[in-house]
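Structure record follows, encoded as structure tokens.
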Amino acid sequence: MAKIKTAIFPVGGLGTRFLPATKAMPKEMLPVVDKPLIQYAVEEAAEAGIEQFIFVTGRGKSAIEDHFDHSFELEYALRAHSKDEALEVTRAMMRTPGSVSYVRQQEPAGLGHAVWCARHLIQDEPVAVLLADDLINTGDAPGCLSQMVNTYDSEGVRGGNMVALMEVERSQTQSYGMISPGEERYIEESRLIEVKGLVEKPPPQEAPSRLAVVGRYIIEPGVFKELAAQERGAGGEVQLTDSLAKRVGQAPFQGLVFKGSRYDCGSKIGFLTANIAHALERPELSESLREWLRGQMASS
Ligand code: G1P
């Protein structure tokens with residue numbers, strides 16, 4: 001089975017939608033309950049078998065580097081106060097030495113530009129891309145990237161490109177990369193849809209379907225060759241969607257309708273609902289939160 005060993009995390013975005021919170025703090029460090037968004041994405045990748053973690057950062061993002069490193073003072077203090085559980089939490093998130101790298105994106109020129117910035121750190125093999133803004137909760141089922149990796153090696157996908165898909169309202173198409181769907185099939189209960197075309201953020205009347213790409217990708221080396229042209233697309237940015245679209249017909253291309261709930265944590269409402277949904281799953285919080293919510297509903 002071809003293993004996907006490397007994941008790219010583009011974390012260079014400015015996060016203007018969350019100002020002032022993100023003035024001096026990376027948006028990827030915003031917590032859902034008590035864990036930063038980026039850590040959810042890294043844990044999802046690790047669960048899917050990823051061994052190399054590449055962060056494409058930018059100015060003002062050093063908190064992310066510190067987050068995935070030892071904090072000697074903190075660990076010392078926790079040990080001194082026998083806070084074993086907290087110590088374990090900080091230990092468990094440490095990755096194998098040398099498996100995390102950082103590359104700077106010098107300007108926020110788009111997702112395609114960010115991914116291309118990682119080109120010297122990867123081998124000639126398929127890699128995963130995870131957007132931490134898209135928080136995907138799959139409950140007890142495998143994580144979204146695991147679901148993709150598990151089907152990636154099947155007939156008609158191997159060595160090609162794969163995106164995670166979900167259906168959206170037609171009025172929402174301008175927020176997503178949208179696909180033209182081809183043949184549909186099931187592999188071990190996973191719904192796979194052939195991707196025959198992609199377009200970045202089309203207006204509703206021009207959208208080829210209601211199937212939207214969410215922020216999980218497996219991309220093959222041919223995509224990097226297309227990215228090298230650094231052509232600007234929607235919004236004047238270098239779009240990953242455009243380079244992927246050029247690979248249609250050149251390499252296998254499938255979309256996986258993943259099982260789970262996706263929260264758009266790049267928007268305030270998505271971020272708030274993600275917090276509530278995740279808190280409701282935590283035994284120590286759910287009862288009091290439910291009670292408070294019931295009270296709010298009753299008085300509204
Ligand atoms: C990016 C991609 C878009 C994709 C979306 C998923 O857009 O460019 O194709 O559908 O992520 O969240 P962004 O939300 O960064 O503008």
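Each chain in the structure tokens gets a letter, A, B and so on, in the order shown; residues start at 1 in every chain, and ligands are counted from 1 in the order they appear.
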message = Please return as JSON, numbers by chain the residues found within 6 Å of ligand 1, counting only C-alpha atoms and all ligand atoms.
response = {"A": [134, 176, 177, 200, 212, 213, 214, 215, 241]}
Nearby residues (only C-alpha atoms) at most 12 Å from Pro108 in chain A, same-chain spacing under 6 positions excluded, as a short mmCIF file (atom, residue, chain, number, x, y, z; two decimals) with N, CA, C and O atoms, in the first residue's frame:
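The resulting around_10.cif:
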data_model
loop_
_atom_site.label_atom_id
_atom_site.label_comp_id
_atom_site.auth_asym_id
_atom_site.auth_seq_id
_atom_site.Cartn_x
_atom_site.Cartn_y
_atom_site.Cartn_z
N PRO A 10 -0.71 24.78 5.36
CA PRO A 10 -0.52 26.20 5.06
C PRO A 10 -1.09 27.03 6.22
O PRO A 10 -2.28 26.96 6.52
N VAL A 11 -0.21 27.76 6.90
CA VAL A 11 -0.65 28.53 8.07
C VAL A 11 -0.16 29.98 7.98
O VAL A 11 0.09 30.62 9.00
N GLY A 12 -0.02 30.46 6.76
CA GLY A 12 0.52 31.81 6.58
C GLY A 12 -0.55 32.90 6.52
O GLY A 12 -0.24 34.08 6.53
N GLY A 13 -1.82 32.49 6.48
CA GLY A 13 -2.91 33.46 6.29
C GLY A 13 -3.00 34.48 7.43
O GLY A 13 -2.60 34.21 8.56
N LEU A 14 -3.56 35.64 7.11
CA LEU A 14 -3.56 36.74 8.08
C LEU A 14 -4.66 36.64 9.14
O LEU A 14 -4.53 37.20 10.22
N GLY A 15 -5.74 35.99 8.82
CA GLY A 15 -6.82 35.85 9.82
C GLY A 15 -7.53 37.15 10.14
O GLY A 15 -7.93 37.38 11.29
N VAL A 56 3.74 25.80 6.44
CA VAL A 56 4.10 26.96 5.62
C VAL A 56 3.61 28.19 6.39
O VAL A 56 2.41 28.46 6.44
N THR A 57 4.54 28.84 7.04
CA THR A 57 4.19 29.91 7.97
C THR A 57 4.41 31.29 7.33
O THR A 57 4.68 31.39 6.14
N GLY A 58 4.29 32.30 8.13
CA GLY A 58 4.53 33.67 7.67
C GLY A 58 4.93 34.51 8.87
O GLY A 58 5.08 33.99 9.98
N ARG A 59 5.06 35.78 8.66
CA ARG A 59 5.41 36.67 9.77
C ARG A 59 4.36 36.57 10.87
O ARG A 59 3.17 36.43 10.59
N ALA A 114 1.24 29.03 -1.26
CA ALA A 114 1.68 28.46 0.02
C ALA A 114 2.15 27.02 -0.17
O ALA A 114 3.24 26.65 0.29
N VAL A 115 1.36 26.22 -0.87
CA VAL A 115 1.72 24.81 -1.06
C VAL A 115 3.02 24.71 -1.86
O VAL A 115 3.92 23.92 -1.54
N CYS A 117 5.45 26.73 -1.88
CA CYS A 117 6.59 27.10 -1.02
C CYS A 117 7.21 25.88 -0.33
O CYS A 117 8.34 25.94 0.13
N GLY A 235 -9.58 36.06 -7.25
CA GLY A 235 -9.12 36.97 -6.20
C GLY A 235 -7.69 37.45 -6.40
O GLY A 235 -7.07 37.96 -5.47
N GLY A 236 -7.13 37.23 -7.59
CA GLY A 236 -5.74 37.65 -7.86
C GLY A 236 -4.71 36.79 -7.15
O GLY A 236 -3.54 37.15 -7.05
N GLU A 237 -5.15 35.62 -6.64
CA GLU A 237 -4.23 34.76 -5.89
C GLU A 237 -3.88 33.50 -6.69
O GLU A 237 -4.61 33.11 -7.59
N VAL A 238 -2.77 32.87 -6.31
CA VAL A 238 -2.40 31.60 -6.93
C VAL A 238 -3.25 30.52 -6.25
O VAL A 238 -3.11 30.28 -5.05
N GLN A 239 -4.15 29.93 -7.01
CA GLN A 239 -5.11 28.98 -6.44
C GLN A 239 -4.66 27.53 -6.64
O GLN A 239 -4.29 27.14 -7.75
#
I want to know what sits within 9 Å of Ala132 in chain A, based on only C-alpha atoms, with residues of the same chain fewer than 5 positions away left out; could you give that as a PyMOL selection string? chain A and resi 9-11+28+37-42+215+265-266
*Once DSSP has gone over the backbone, tell me which residues of range 107-202 of chain A are in helix (DSSP H, G or I), as a ChimeraX atom specification.*
/A:111-116,119-121,144-152,170-175
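Our summary of the geometry notes that CA of Val103 in chain A is positioned 24.1 Å from CA of Ala21 in chain A.
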Residues of range 180-238 of chain A at most 12 Å from range 119-123 of chain A: nearest atom pair and distance in Å, only C-alpha atoms, as JSON lines:
{"residue": "A:Ile219", "atom": "CA", "partner": "A:Ile122", "partner_atom": "CA", "distance": 11.7}
{"residue": "A:Glu220", "atom": "CA", "partner": "A:Gln123", "partner_atom": "CA", "distance": 10.4}
{"residue": "A:Pro221", "atom": "CA", "partner": "A:Gln123", "partner_atom": "CA", "distance": 8.5}
{"residue": "A:Gly222", "atom": "CA", "partner": "A:Arg119", "partner_atom": "CA", "distance": 11.6}
{"residue": "A:Val223", "atom": "CA", "partner": "A:Arg119", "partner_atom": "CA", "distance": 10.5}
{"residue": "A:Phe224", "atom": "CA", "partner": "A:Arg119", "partner_atom": "CA", "distance": 7.2}
{"residue": "A:Lys225", "atom": "CA", "partner": "A:Arg119", "partner_atom": "CA", "distance": 9.8}
{"residue": "A:Glu226", "atom": "CA", "partner": "A:Arg119", "partner_atom": "CA", "distance": 11.9}
{"residue": "A:Leu227", "atom": "CA", "partner": "A:Arg119", "partner_atom": "CA", "distance": 9.7}
{"residue": "A:Ala228", "atom": "CA", "partner": "A:Arg119", "partner_atom": "CA", "distance": 9.4}
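CA of Pro142 in chain A lies 17.0 Å from CA of Tyr186 in chain A.
Among the candidate residues A:Ala207, A:Asn161, A:Ser190, A:Glu85, the one lying nearest to Arg247 in chain A is A:Asn161, with distances computed using only C-alpha atoms.
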